[in-house]
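Visitor: Sending over run31.csv (CSV, C-alpha atoms).
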```csv
chain,number,residue,atom,x,y,z
Q,163,MET,CA,112.5,98.3,127.6
Q,164,GLU,CA,113.5,98.8,124.0
Q,165,LEU,CA,112.6,95.2,123.2
Q,166,PHE,CA,109.2,95.6,124.9
Q,167,LEU,CA,108.4,98.8,123.0
Q,168,PHE,CA,109.5,97.3,119.7
Q,169,GLY,CA,107.3,94.3,120.3
Q,170,LEU,CA,104.4,96.5,121.1
Q,171,PHE,CA,104.7,98.7,118.0
Q,172,ALA,CA,105.6,95.9,115.7
Q,173,LEU,CA,102.6,93.9,116.9
Q,174,GLY,CA,100.4,96.9,116.4
Q,175,ALA,CA,101.7,97.7,112.9
Q,176,ALA,CA,101.7,94.1,111.6
Q,177,GLY,CA,98.4,93.2,113.4
Q,178,GLY,CA,96.7,96.4,112.1
Q,179,ALA,CA,97.9,95.6,108.6
Q,180,LEU,CA,96.6,92.0,108.8
Q,181,ALA,CA,93.3,93.3,110.2
Q,182,VAL,CA,93.0,95.7,107.2
Q,183,VAL,CA,93.4,92.8,104.9
Q,184,PHE,CA,90.9,90.5,106.6
Q,185,SER,CA,88.2,93.0,107.6
Q,186,GLN,CA,85.4,93.4,105.1
Q,187,ASN,CA,83.8,96.6,106.5
Q,188,VAL,CA,85.4,99.8,105.1
Q,189,VAL,CA,84.9,101.8,108.3
Q,190,ARG,CA,86.7,99.1,110.3
Q,191,MET,CA,89.5,99.0,107.7
Q,192,ALA,CA,90.0,102.7,108.1
Q,193,PHE,CA,90.2,102.3,111.9
Q,194,TYR,CA,92.8,99.4,111.7
Q,195,LEU,CA,94.8,101.5,109.2
Q,196,VAL,CA,95.0,104.3,111.8
Q,197,ILE,CA,96.3,101.8,114.4
Q,198,SER,CA,98.9,100.4,111.9
Q,199,LEU,CA,100.1,103.8,110.8
Q,200,GLY,CA,100.3,105.1,114.4
Q,201,CYS,CA,102.4,102.1,115.5
Q,202,THR,CA,104.6,102.8,112.4
Q,203,ALA,CA,105.2,106.3,113.8
Q,204,GLY,CA,106.2,104.7,117.1
Q,205,LEU,CA,108.7,102.6,115.2
Q,206,PHE,CA,110.1,105.8,113.6
Q,207,PHE,CA,110.5,107.4,117.0
Q,208,MET,CA,112.4,104.2,118.2
Q,209,LEU,CA,114.7,104.5,115.2
Q,210,GLY,CA,115.7,108.0,116.3
Q,211,ALA,CA,113.8,109.7,113.5
Q,212,ASP,CA,111.7,112.1,115.6
Q,213,PHE,CA,110.8,114.5,112.7
Q,214,VAL,CA,109.8,111.7,110.4
Q,215,GLY,CA,107.7,110.1,113.1
Q,216,ALA,CA,105.9,113.4,113.9
Q,217,THR,CA,105.3,114.0,110.2
Q,218,GLN,CA,103.9,110.5,109.9
Q,219,LEU,CA,101.5,111.2,112.7
Q,220,LEU,CA,100.5,114.6,111.4
Q,221,ILE,CA,100.3,114.0,107.6
Q,222,TYR,CA,99.4,110.3,107.5
Q,223,VAL,CA,97.2,109.7,110.5
Q,224,GLY,CA,95.9,113.3,110.6
Q,225,GLY,CA,95.6,114.0,106.9
Q,226,THR,CA,95.6,111.1,104.6
Q,227,VAL,CA,93.5,108.8,106.7
Q,228,VAL,CA,91.0,111.6,107.3
Q,229,LEU,CA,90.8,112.0,103.5
Q,230,LEU,CA,90.2,108.3,103.2
Q,231,ILE,CA,87.5,108.4,105.8
Q,232,PHE,CA,85.8,111.3,103.9
Q,233,GLY,CA,85.9,109.0,100.9
Q,234,VAL,CA,84.3,106.2,102.9
Q,235,MET,CA,81.6,108.5,104.2
Q,236,LEU,CA,80.8,109.8,100.7
Q,237,THR,CA,80.7,106.5,99.0
Q,238,ALA,CA,79.6,103.9,101.6
Q,239,THR,CA,75.9,104.1,101.4
Q,240,GLY,CA,73.6,101.3,102.5
Q,241,PRO,CA,74.3,98.1,100.6
Q,242,TYR,CA,77.8,99.1,99.6
Q,243,LEU,CA,79.1,99.4,103.1
Q,244,SER,CA,80.9,96.1,102.8
Q,245,ILE,CA,81.6,94.7,99.4
Q,246,ARG,CA,82.7,91.2,100.2
Q,247,THR,CA,85.8,89.6,98.6
Q,248,SER,CA,85.0,86.1,97.5
Q,249,SER,CA,86.8,83.7,99.8
Q,250,GLY,CA,88.5,81.8,96.9
Q,251,ASP,CA,90.2,85.0,95.9
Q,252,LEU,CA,91.2,85.8,99.4
Q,253,ILE,CA,92.7,82.3,100.0
Q,254,GLN,CA,94.6,82.4,96.7
Q,255,ALA,CA,96.0,85.9,97.6
Q,256,VAL,CA,96.9,84.8,101.1
Q,257,VAL,CA,98.8,81.7,99.8
Q,258,VAL,CA,100.7,83.8,97.2
Q,259,GLY,CA,101.3,86.6,99.7
Q,260,GLY,CA,102.5,84.2,102.4
Q,261,ALA,CA,105.0,82.6,100.0
Q,262,PHE,CA,106.2,86.1,99.0
Q,263,LEU,CA,106.5,87.1,102.7
Q,264,ALA,CA,108.5,83.9,103.5
Q,265,MET,CA,110.8,84.7,100.6
Q,266,LEU,CA,111.3,88.3,101.8
Q,267,ILE,CA,112.0,87.4,105.4
Q,268,LEU,CA,114.3,84.5,104.5
Q,269,THR,CA,116.3,86.8,102.2
Q,270,VAL,CA,116.6,89.5,104.9
Q,271,MET,CA,117.7,86.9,107.5
Q,272,GLN,CA,120.4,85.5,105.2
Q,273,VAL,CA,122.3,88.8,105.0
Q,274,ASP,CA,124.9,89.6,107.6
Q,275,TRP,CA,123.9,93.2,108.0
Q,276,SER,CA,126.2,94.1,110.9
Q,277,GLY,CA,129.2,92.8,109.0
Q,278,TYR,CA,128.3,94.9,105.9
Q,279,SER,CA,127.6,97.9,108.1
Q,280,ALA,CA,131.1,97.6,109.7
Q,281,LYS,CA,132.7,97.3,106.2
Q,282,LEU,CA,130.8,100.3,104.9
Q,283,ALA,CA,131.7,102.3,108.0
Q,284,ALA,CA,135.4,101.4,107.4
Q,285,ALA,CA,135.1,102.5,103.8
Q,286,HIS,CA,133.1,105.8,104.1
Q,287,GLY,CA,133.7,106.8,107.7
Q,288,ALA,CA,131.2,106.7,110.5
Q,289,SER,CA,127.5,107.3,109.7
Q,290,SER,CA,126.5,110.9,110.0
Q,291,MET,CA,123.8,109.9,112.4
Q,292,GLU,CA,126.5,109.5,115.1
Q,293,ARG,CA,127.9,113.0,114.8
Q,294,ALA,CA,124.8,115.0,113.9
Q,295,GLY,CA,123.4,117.7,116.1
Q,296,TYR,CA,124.2,119.2,119.4
Q,297,THR,CA,122.4,116.8,121.7
Q,298,ASP,CA,122.4,113.1,122.1
Q,299,PRO,CA,120.8,111.4,119.0
Q,300,ALA,CA,118.6,109.5,121.4
Q,301,ASP,CA,117.0,112.7,122.5
Q,302,GLY,CA,116.0,113.5,119.0
Q,303,ASN,CA,117.6,116.3,117.0
Q,304,THR,CA,117.0,115.5,113.4
Q,305,SER,CA,114.7,118.4,112.5
Q,306,ARG,CA,117.4,121.1,112.3
Q,307,SER,CA,119.6,118.8,110.1
Q,308,LEU,CA,116.6,117.8,107.9
Q,309,GLY,CA,115.6,121.4,107.4
Q,310,LEU,CA,119.1,122.4,106.4
Q,311,ALA,CA,119.3,119.4,104.0
Q,312,LEU,CA,116.1,120.4,102.4
Q,313,LEU,CA,117.5,123.9,101.9
Q,314,GLY,CA,120.6,122.4,100.2
Q,315,THR,CA,123.3,122.5,102.8
Q,316,ARG,CA,124.5,119.4,104.7
Q,317,PRO,CA,126.3,120.4,107.8
Q,318,ASP,CA,125.6,117.0,109.2
Q,319,GLN,CA,127.9,115.5,106.6
Q,320,ASP,CA,130.3,118.3,105.9
Q,321,LEU,CA,131.2,119.4,109.4
Q,322,GLY,CA,134.1,117.4,110.7
Q,323,SER,CA,134.4,115.5,107.4
Q,324,GLU,CA,137.9,114.5,106.1
Q,325,ARG,CA,137.1,115.6,102.5
Q,326,ALA,CA,138.3,119.1,102.5
Q,327,GLY,CA,136.8,121.6,99.9
Q,328,GLU,CA,134.1,119.2,98.8
Q,329,LEU,CA,130.5,119.7,99.8
Q,330,SER,CA,127.8,117.1,99.9
Q,331,THR,CA,124.6,117.6,97.9
Q,332,GLY,CA,121.4,118.8,99.5
Q,333,TYR,CA,117.8,118.4,98.5
Q,334,LEU,CA,116.7,121.9,97.4
Q,335,LEU,CA,115.7,120.9,93.9
Q,336,PRO,CA,113.7,117.8,94.9
Q,337,PHE,CA,112.0,119.9,97.6
Q,338,GLU,CA,110.9,122.6,95.1
Q,339,ILE,CA,109.7,119.9,92.6
Q,340,VAL,CA,107.7,118.2,95.3
Q,341,SER,CA,106.2,121.4,96.5
Q,342,VAL,CA,105.1,122.4,92.9
Q,343,HIS,CA,103.9,118.8,92.5
Q,344,LEU,CA,101.7,119.1,95.6
Q,345,LEU,CA,100.2,122.3,94.3
Q,346,VAL,CA,99.4,120.8,90.9
Q,347,VAL,CA,97.9,117.7,92.6
Q,348,LEU,CA,95.7,119.8,94.8
Q,349,VAL,CA,94.4,121.8,91.9
Q,350,GLY,CA,93.9,118.7,89.9
Q,351,ALA,CA,92.1,116.9,92.7
Q,352,ALA,CA,89.8,119.9,93.2
Q,353,TYR,CA,89.1,120.0,89.4
Q,354,LEU,CA,88.4,116.2,89.3
Q,355,ALA,CA,86.1,116.2,92.3
Q,356,ARG,CA,84.2,119.4,91.5
Q,357,ALA,CA,80.4,119.3,91.4
Q,358,LYS,CA,79.4,118.7,87.8
Q,359,ARG,CA,77.0,121.2,86.3
Q,360,LYS,CA,75.2,120.9,83.1
Q,361,LEU,CA,76.8,123.1,80.5
Q,362,THR,CA,74.2,125.7,79.4
Q,363,ARG,CA,74.9,127.3,76.1
Q,364,VAL,CA,73.9,130.9,75.9
Q,365,GLU,CA,71.8,131.3,72.8
Q,366,THR,CA,72.6,134.5,71.0
H,103,MET,CA,122.0,92.1,124.1
H,104,SER,CA,118.6,93.6,124.3
H,105,THR,CA,118.7,95.7,121.2
H,106,VAL,CA,116.5,94.8,118.2
H,107,GLY,CA,118.7,95.3,115.3
H,108,LEU,CA,118.0,95.8,111.6
H,109,ASN,CA,116.3,92.4,111.1
H,110,GLY,CA,113.3,93.1,113.3
H,111,TYR,CA,112.4,96.3,111.5
H,112,LEU,CA,112.9,94.7,108.1
H,113,ALA,CA,110.6,91.9,109.0
H,114,VAL,CA,107.9,94.3,110.2
H,115,ALA,CA,108.3,96.3,106.9
H,116,ALA,CA,108.0,93.0,104.9
H,117,VAL,CA,104.7,92.2,106.7
H,118,LEU,CA,103.3,95.6,106.0
H,119,PHE,CA,104.3,95.4,102.4
H,120,VAL,CA,102.8,92.0,101.8
H,121,CYS,CA,99.6,93.0,103.6
H,122,GLY,CA,99.3,96.0,101.3
H,123,VAL,CA,99.9,93.9,98.2
H,124,ILE,CA,97.2,91.4,99.3
H,125,CYS,CA,94.9,94.3,100.1
H,126,MET,CA,95.4,95.9,96.7
H,127,ALA,CA,94.9,92.6,94.9
H,128,THR,CA,91.8,91.3,96.7
H,129,LYS,CA,89.7,94.3,97.8
H,130,ARG,CA,86.8,95.1,95.6
H,131,ASN,CA,86.2,98.4,97.3
H,132,GLY,CA,88.1,101.2,95.7
H,133,ILE,CA,88.9,102.9,99.0
H,134,GLY,CA,90.3,99.5,100.2
H,135,VAL,CA,92.6,99.4,97.3
H,136,LEU,CA,93.8,102.9,98.3
H,137,MET,CA,94.5,101.7,101.9
H,138,GLY,CA,96.6,98.8,100.5
H,139,GLY,CA,98.7,101.4,98.7
H,140,GLU,CA,99.2,103.3,101.9
H,141,LEU,CA,100.4,100.1,103.6
H,142,VAL,CA,102.9,99.4,100.9
H,143,LEU,CA,104.4,102.9,101.1
H,144,ASN,CA,104.6,102.6,104.8
H,145,GLY,CA,106.5,99.3,104.6
H,146,ALA,CA,109.0,101.0,102.3
H,147,ASN,CA,109.2,103.9,104.7
H,148,ILE,CA,110.2,101.7,107.6
H,149,ASN,CA,113.0,100.2,105.4
H,150,PHE,CA,114.3,103.7,104.6
H,151,VAL,CA,114.3,104.9,108.2
H,152,ALA,CA,115.8,101.6,109.5
H,153,PHE,CA,118.7,101.8,107.0
H,154,SER,CA,119.2,105.4,107.9
H,155,LYS,CA,119.9,104.3,111.5
H,156,TYR,CA,121.7,101.0,111.0
H,157,GLY,CA,123.4,101.6,107.7
H,158,THR,CA,125.6,104.4,106.6
H,159,LEU,CA,122.7,106.1,104.8
H,160,GLY,CA,122.5,108.9,107.5
H,161,LEU,CA,119.9,111.5,107.1
H,162,ASP,CA,119.4,110.7,103.4
H,163,GLY,CA,117.1,107.8,104.3
H,164,GLN,CA,114.9,110.0,106.5
H,165,ILE,CA,114.7,112.6,103.7
H,166,ALA,CA,113.6,109.9,101.2
H,167,SER,CA,110.9,108.8,103.7
H,168,LEU,CA,109.7,112.4,104.0
H,169,PHE,CA,109.3,112.6,100.2
H,170,VAL,CA,107.5,109.3,100.2
H,171,ILE,CA,105.0,110.6,102.8
H,172,VAL,CA,104.3,113.8,100.8
H,173,LEU,CA,103.9,111.9,97.6
H,174,ALA,CA,101.6,109.4,99.3
H,175,ALA,CA,99.4,112.3,100.5
H,176,ALA,CA,99.3,113.6,97.0
H,177,GLU,CA,98.4,110.2,95.6
H,178,ALA,CA,95.6,109.8,98.1
H,179,ALA,CA,94.1,113.1,97.1
H,180,VAL,CA,94.0,112.4,93.4
H,181,ALA,CA,92.9,108.8,93.8
H,182,LEU,CA,90.1,109.9,96.1
H,183,ALA,CA,88.9,112.4,93.5
H,184,ILE,CA,88.9,109.7,90.9
H,185,ALA,CA,87.0,107.4,93.3
H,186,LEU,CA,84.4,110.1,93.9
H,187,ASN,CA,84.0,110.6,90.1
H,188,PHE,CA,83.6,106.9,89.6
H,189,TYR,CA,81.0,106.8,92.3
H,190,ASN,CA,79.1,109.6,90.7
H,191,ASN,CA,79.0,107.8,87.4
H,192,HIS,CA,78.3,104.2,88.6
H,193,LEU,CA,76.6,104.7,92.0
H,194,THR,CA,79.0,102.1,93.5
H,195,ILE,CA,82.7,101.9,94.4
H,196,ASP,CA,83.1,98.3,93.4
H,197,VAL,CA,86.3,98.3,91.2
H,198,ASP,CA,85.1,95.3,89.3
H,199,ARG,CA,82.4,97.5,87.7
H,200,ALA,CA,85.1,99.6,86.1
H,201,ASP,CA,85.3,97.5,82.9
H,202,GLU,CA,84.3,99.9,80.2
H,203,LEU,CA,87.8,99.7,78.7
H,204,LYS,CA,87.7,95.9,78.5
H,205,GLY,CA,88.1,94.8,74.9
```
Could I get this structure in the form of C-alpha coordinates?

Guide:
Amino acid sequence: MELFLFGLFALGAAGGALAVVFSQNVVRMAFYLVISLGCTAGLFFMLGADFVGATQLLIYVGGTVVLLIFGVMLTATGPYLSIRTSSGDLIQAVVVGGAFLAMLILTVMQVDWSGYSAKLAAAHGASSMERAGYTDPADGNTSRSLGLALLGTRPDQDLGSERAGELSTGYLLPFEIVSVHLLVVLVGAAYLARAKRKLTRVET
Amino acid sequence: MSTVGLNGYLAVAAVLFVCGVICMATKRNGIGVLMGGELVLNGANINFVAFSKYGTLGLDGQIASLFVIVLAAAEAAVALAIALNFYNNHLTIDVDRADELKG
(Lines of atoms letter the chains of each structure in order from A and count residues from 1; the text may use other names and numbers.)
(Lines give C-alpha, C1' and ligand atoms only; values in the text may rest on other atoms or scores of the structure.)
Protein backbone atom coordinates (compact mmCIF):
# COMPACT_ATOMS: atom_id res chain seq x y z
CA MET A 1 0.00 0.00 0.00
CA GLU A 2 2.78 2.41 0.92
CA LEU A 3 4.61 1.52 -2.27
CA PHE A 4 1.48 2.09 -4.35
CA LEU A 5 0.78 5.48 -2.78
CA PHE A 6 4.42 6.52 -3.15
CA GLY A 7 4.36 5.50 -6.80
CA LEU A 8 1.16 7.47 -7.39
CA PHE A 9 2.40 10.65 -5.70
CA ALA A 10 5.91 10.40 -7.14
CA LEU A 11 4.52 9.90 -10.64
CA GLY A 12 2.19 12.86 -10.16
CA ALA A 13 4.92 15.13 -8.84
CA ALA A 14 7.55 14.20 -11.44
CA GLY A 15 5.07 14.00 -14.31
CA GLY A 16 3.56 17.36 -13.38
CA ALA A 17 7.01 18.92 -13.27
CA LEU A 18 7.91 17.46 -16.70
CA ALA A 19 4.60 18.71 -18.10
CA VAL A 20 5.35 22.21 -16.76
CA VAL A 21 8.64 22.12 -18.66
CA PHE A 22 7.26 20.85 -21.96
CA SER A 23 3.96 22.69 -22.05
CA GLN A 24 3.99 25.95 -23.99
CA ASN A 25 0.68 27.37 -22.80
CA VAL A 26 0.90 29.37 -19.57
CA VAL A 27 -2.54 28.36 -18.33
CA ARG A 28 -1.77 24.66 -18.78
CA MET A 29 1.56 25.16 -17.05
CA ALA A 30 -0.26 26.59 -14.03
CA PHE A 31 -2.60 23.58 -13.98
CA TYR A 32 0.28 21.07 -14.15
CA LEU A 33 2.02 23.02 -11.39
CA VAL A 34 -1.06 22.51 -9.19
CA ILE A 35 -0.89 18.75 -9.84
CA SER A 36 2.83 18.62 -9.07
CA LEU A 37 2.55 20.64 -5.85
CA GLY A 38 -0.50 18.68 -4.68
CA CYS A 39 1.31 15.37 -5.18
CA THR A 40 4.28 16.82 -3.27
CA ALA A 41 1.90 17.49 -0.39
CA GLY A 42 0.90 13.82 -0.60
CA LEU A 43 4.58 12.85 -0.32
CA PHE A 44 4.84 15.06 2.79
CA PHE A 45 1.87 13.26 4.35
CA MET A 46 3.54 9.92 3.59
CA LEU A 47 6.71 11.12 5.35
CA GLY A 48 4.73 11.76 8.53
CA ALA A 49 4.91 15.54 8.17
CA ASP A 50 1.20 16.25 8.47
CA PHE A 51 1.52 19.95 9.35
CA VAL A 52 3.98 20.66 6.54
CA GLY A 53 1.76 18.80 4.08
CA ALA A 54 -1.29 20.81 5.12
CA THR A 55 0.74 24.03 4.90
CA GLN A 56 1.88 23.04 1.43
CA LEU A 57 -1.72 22.53 0.34
CA LEU A 58 -2.95 25.76 1.94
CA ILE A 59 -0.13 28.17 1.11
CA TYR A 60 1.35 26.75 -2.08
CA VAL A 61 -1.65 25.30 -3.87
CA GLY A 62 -4.13 27.69 -2.32
CA GLY A 63 -2.06 30.85 -2.22
CA THR A 64 1.03 30.96 -4.38
CA VAL A 65 -0.46 29.23 -7.40
CA VAL A 66 -3.56 31.42 -7.22
CA LEU A 67 -1.21 34.41 -7.21
CA LEU A 68 0.56 33.00 -10.28
CA ILE A 69 -2.79 32.45 -11.99
CA PHE A 70 -3.68 36.08 -11.30
CA GLY A 71 -0.42 36.98 -12.99
CA VAL A 72 -1.30 34.79 -15.96
CA MET A 73 -4.75 36.37 -16.25
CA LEU A 74 -3.37 39.90 -16.07
CA THR A 75 -0.57 39.38 -18.56
CA ALA A 76 -1.64 36.66 -21.01
CA THR A 77 -3.53 38.65 -23.57
CA GLY A 78 -4.16 37.38 -27.08
CA PRO A 79 -0.89 36.80 -28.91
CA TYR A 80 1.13 36.45 -25.71
CA LEU A 81 -0.81 33.46 -24.38
CA SER A 82 1.95 31.12 -25.47
CA ILE A 83 5.42 32.49 -26.05
CA ARG A 84 7.20 29.56 -27.63
CA THR A 85 10.64 28.46 -26.60
CA SER A 86 12.79 27.72 -29.64
CA SER A 87 13.23 23.97 -29.90
CA GLY A 88 17.00 24.30 -30.15
CA ASP A 89 17.10 25.94 -26.73
CA LEU A 90 14.78 23.31 -25.31
CA ILE A 91 16.85 20.40 -26.65
CA GLN A 92 20.05 21.96 -25.33
CA ALA A 93 18.49 22.51 -21.90
CA VAL A 94 17.06 18.98 -21.79
CA VAL A 95 20.46 17.45 -22.62
CA VAL A 96 22.24 19.47 -19.95
CA GLY A 97 19.42 18.90 -17.46
CA GLY A 98 19.36 15.17 -18.17
CA ALA A 99 23.09 14.93 -17.53
CA PHE A 100 22.64 16.88 -14.29
CA LEU A 101 19.77 14.64 -13.23
CA ALA A 102 21.78 11.50 -13.96
CA MET A 103 24.65 12.87 -11.88
CA LEU A 104 22.33 13.71 -8.96
CA ILE A 105 20.59 10.35 -8.96
CA LEU A 106 23.81 8.36 -9.32
CA THR A 107 25.30 10.33 -6.42
CA VAL A 108 22.27 9.67 -4.26
CA MET A 109 22.30 5.96 -5.04
CA GLN A 110 26.02 5.66 -4.22
CA VAL A 111 25.57 6.62 -0.58
CA ASP A 112 24.65 3.97 1.96
CA TRP A 113 22.03 6.07 3.76
CA SER A 114 20.83 3.42 6.20
CA GLY A 115 24.39 2.74 7.36
CA TYR A 116 25.00 6.43 8.01
CA SER A 117 21.65 6.75 9.71
CA ALA A 118 22.51 3.88 12.06
CA LYS A 119 25.90 5.46 12.81
CA LEU A 120 24.33 8.86 13.50
CA ALA A 121 21.69 7.30 15.71
CA ALA A 122 24.40 5.54 17.68
CA ALA A 123 26.29 8.81 18.12
CA HIS A 124 23.42 11.19 18.92
CA GLY A 125 20.69 8.95 20.28
CA ALA A 126 17.51 8.07 18.47
CA SER A 127 15.87 10.61 16.20
CA SER A 128 13.40 12.80 18.02
CA MET A 129 10.77 11.79 15.49
CA GLU A 130 10.47 8.43 17.24
CA ARG A 131 9.68 9.82 20.67
CA ALA A 132 7.75 12.97 19.77
CA GLY A 133 4.16 13.49 20.77
CA TYR A 134 1.50 11.52 22.52
CA THR A 135 0.16 9.40 19.71
CA ASP A 136 1.67 7.16 17.13
CA PRO A 137 3.81 9.23 14.71
CA ALA A 138 2.00 7.56 11.83
CA ASP A 139 -1.23 9.19 13.00
CA GLY A 140 0.34 12.61 12.67
CA ASN A 141 1.18 14.71 15.70
CA THR A 142 3.78 17.18 14.55
CA SER A 143 1.74 20.38 14.78
CA ARG A 144 2.05 20.73 18.58
CA SER A 145 5.80 20.12 18.52
CA LEU A 146 6.28 22.42 15.55
CA GLY A 147 4.35 25.22 17.24
CA LEU A 148 6.36 24.86 20.44
CA ALA A 149 9.61 24.83 18.45
CA LEU A 150 8.61 28.06 16.70
CA LEU A 151 7.94 29.55 20.13
CA GLY A 152 11.45 28.61 21.24
CA THR A 153 11.00 25.51 23.37
CA ARG A 154 11.86 22.02 22.22
CA PRO A 155 10.07 19.45 24.36
CA ASP A 156 10.40 16.98 21.50
CA GLN A 157 14.18 16.97 21.97
CA ASP A 158 14.56 17.81 25.64
CA LEU A 159 11.99 15.51 27.21
CA GLY A 160 13.64 12.21 28.02
CA SER A 161 17.01 13.42 26.80
CA GLU A 162 20.20 12.22 28.46
CA ARG A 163 21.75 15.70 28.46
CA ALA A 164 20.68 17.10 31.81
CA GLY A 165 20.50 20.87 32.35
CA GLU A 166 21.05 21.66 28.68
CA LEU A 167 18.21 22.86 26.48
CA SER A 168 17.98 22.66 22.72
CA THR A 169 17.54 25.82 20.73
CA GLY A 170 14.19 26.77 19.28
CA TYR A 171 13.24 28.95 16.37
CA LEU A 172 11.70 32.05 17.96
CA LEU A 173 14.08 34.57 16.37
CA PRO A 174 13.84 33.13 12.83
CA PHE A 175 10.08 33.05 13.25
CA GLU A 176 9.96 36.74 14.16
CA ILE A 177 12.35 37.64 11.34
CA VAL A 178 10.30 35.76 8.80
CA SER A 179 7.07 37.36 10.00
CA VAL A 180 8.51 40.89 9.69
CA HIS A 181 9.97 39.87 6.33
CA LEU A 182 6.53 38.78 5.15
CA LEU A 183 5.03 42.12 6.22
CA VAL A 184 7.77 44.07 4.42
CA VAL A 185 7.32 41.94 1.32
CA LEU A 186 3.57 42.49 1.22
CA VAL A 187 3.96 46.25 1.63
CA GLY A 188 6.67 46.26 -1.05
CA ALA A 189 4.60 44.17 -3.46
CA ALA A 190 1.61 46.44 -3.01
CA TYR A 191 3.87 49.46 -3.61
CA LEU A 192 5.43 47.94 -6.75
CA ALA A 193 2.16 46.81 -8.27
CA ARG A 194 0.11 49.91 -7.48
CA ALA A 195 -1.71 51.70 -10.25
CA LYS A 196 0.53 54.42 -11.62
CA ARG A 197 -0.91 57.92 -11.58
CA LYS A 198 0.60 60.87 -13.27
CA LEU A 199 2.17 63.21 -10.78
CA THR A 200 0.30 66.50 -10.82
CA ARG A 201 2.20 69.37 -9.37
CA VAL A 202 0.02 71.88 -7.66
CA GLU A 203 0.92 75.28 -8.98
CA THR A 204 1.04 77.88 -6.32
CA MET B 1 10.41 -5.15 2.39
CA SER B 2 7.71 -2.92 0.98
CA THR B 3 8.96 0.38 2.34
CA VAL B 4 10.28 3.03 0.01
CA GLY B 5 13.28 4.39 1.88
CA LEU B 6 15.20 7.57 1.44
CA ASN B 7 16.41 6.97 -2.12
CA GLY B 8 12.97 7.15 -3.69
CA TYR B 9 12.19 10.52 -2.15
CA LEU B 10 15.59 11.90 -3.07
CA ALA B 11 15.10 10.77 -6.67
CA VAL B 12 11.70 12.51 -6.91
CA ALA B 13 13.24 15.64 -5.40
CA ALA B 14 16.06 15.51 -7.97
CA VAL B 15 13.54 15.24 -10.81
CA LEU B 16 11.60 18.25 -9.50
CA PHE B 17 14.79 20.28 -9.06
CA VAL B 18 16.08 19.57 -12.55
CA CYS B 19 12.69 20.29 -14.10
CA GLY B 20 12.63 23.61 -12.28
CA VAL B 21 16.11 24.51 -13.47
CA ILE B 22 15.24 23.65 -17.09
CA CYS B 23 12.02 25.64 -16.75
CA MET B 24 13.86 28.69 -15.42
CA ALA B 25 16.48 28.46 -18.17
CA THR B 26 14.24 27.94 -21.19
CA LYS B 27 10.90 29.66 -20.58
CA ARG B 28 10.54 33.01 -22.25
CA ASN B 29 7.39 33.80 -20.31
CA GLY B 30 8.15 35.60 -17.05
CA ILE B 31 5.44 33.72 -15.17
CA GLY B 32 6.96 30.45 -16.44
CA VAL B 33 10.30 31.40 -14.94
CA LEU B 34 8.49 31.95 -11.61
CA MET B 35 6.93 28.50 -11.83
CA GLY B 36 10.38 27.00 -12.37
CA GLY B 37 11.52 28.67 -9.15
CA GLU B 38 8.59 27.15 -7.28
CA LEU B 39 9.53 23.69 -8.58
CA VAL B 40 13.14 24.09 -7.43
CA LEU B 41 12.03 25.13 -3.93
CA ASN B 42 9.68 22.15 -3.78
CA GLY B 43 12.46 19.75 -4.66
CA ALA B 44 14.54 21.15 -1.82
CA ASN B 45 11.54 20.87 0.51
CA ILE B 46 11.08 17.18 -0.25
CA ASN B 47 14.74 16.64 0.65
CA PHE B 48 14.30 18.47 3.98
CA VAL B 49 11.23 16.48 5.00
CA ALA B 50 12.70 13.16 3.82
CA PHE B 51 15.85 13.69 5.89
CA SER B 52 13.68 14.74 8.81
CA LYS B 53 12.11 11.30 8.75
CA TYR B 54 14.97 9.04 7.70
CA GLY B 55 17.92 10.93 9.18
CA THR B 56 18.46 12.19 12.70
CA LEU B 57 17.33 15.68 11.74
CA GLY B 58 14.05 15.33 13.62
CA LEU B 59 11.66 18.22 13.52
CA ASP B 60 14.33 20.70 12.42
CA GLY B 61 13.94 19.57 8.82
CA GLN B 62 10.21 20.19 8.89
CA ILE B 63 10.75 23.66 10.38
CA ALA B 64 13.25 24.46 7.63
CA SER B 65 10.70 23.38 5.03
CA LEU B 66 8.06 25.63 6.64
CA PHE B 67 10.42 28.60 6.35
CA VAL B 68 11.08 27.69 2.72
CA ILE B 69 7.34 27.64 2.01
CA VAL B 70 6.84 31.07 3.60
CA LEU B 71 9.80 32.59 1.76
CA ALA B 72 8.59 31.09 -1.53
CA ALA B 73 5.23 32.77 -1.03
CA ALA B 74 6.97 36.09 -0.34
CA GLU B 75 9.18 35.66 -3.40
CA ALA B 76 6.18 34.92 -5.59
CA ALA B 77 4.40 38.07 -4.40
CA VAL B 78 7.35 40.37 -5.12
CA ALA B 79 8.21 38.70 -8.43
CA LEU B 80 4.62 38.95 -9.56
CA ALA B 81 4.58 42.66 -8.76
CA ILE B 82 7.77 43.08 -10.81
CA ALA B 83 6.26 41.07 -13.67
CA LEU B 84 3.15 43.27 -13.67
CA ASN B 85 5.29 46.39 -13.74
CA PHE B 86 7.29 44.94 -16.63
CA TYR B 87 4.06 44.18 -18.46
CA ASN B 88 2.82 47.72 -17.90
CA ASN B 89 6.00 49.13 -19.42
CA HIS B 90 6.54 46.73 -22.32
CA LEU B 91 3.06 45.32 -23.03
CA THR B 92 4.53 41.81 -23.09
CA ILE B 93 5.85 39.36 -20.51
CA ASP B 94 8.64 38.00 -22.72
CA VAL B 95 11.78 38.10 -20.57
CA ASP B 96 14.00 38.40 -23.66
CA ARG B 97 12.65 41.92 -24.08
CA ALA B 98 14.12 42.98 -20.74
CA ASP B 99 17.44 44.06 -22.25
CA GLU B 100 17.70 47.72 -21.37
CA LEU B 101 20.66 47.08 -19.10
CA LYS B 102 22.58 45.28 -21.83
CA GLY B 103 25.85 47.06 -22.45

Visitor: Taking all atoms listed in the file into account, which residues of chain Q are within 7 Å of chain H, as a PyMOL selection string?

Guide: chain Q and resi 164-165+172+176+179-180+183+188+206+209+214+226+230+233-234+237+242+245+247+251-252+255-256+259+263+266-267+270-271+279+282-283+289-291+308+344+347+351+354-355

Visitor: So how far away is CA of Asp212 in chain Q from CA of Phe232 in chain Q, in Å?

Guide: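 The value is 28.4 Å.
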
Visitor: Please report the interatomic distance between CA of Gly204 in chain Q and CA of Gly139 in chain H in Å with one decimal.

Guide: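 It comes out at 20.1 Å.
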
Visitor: Please provide the set of residues having any atom within 7 Å of Ala175 in chain Q, restricted to all atoms listed in the file, with same-chain residues fewer than 6 positions apart removed, written as a list in words.

Guide: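 Near Ala175 in chain Q, the qualifying residues are Ile197, Ser198, Leu199, Cys201 and Thr202 of chain Q.
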
Visitor: Just give me the gap between CA of Phe337 in chain Q and CA of Leu313 in chain Q in Å, one decimal is fine.

Guide: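 That distance, rounded to one decimal, is 8.0 Å.
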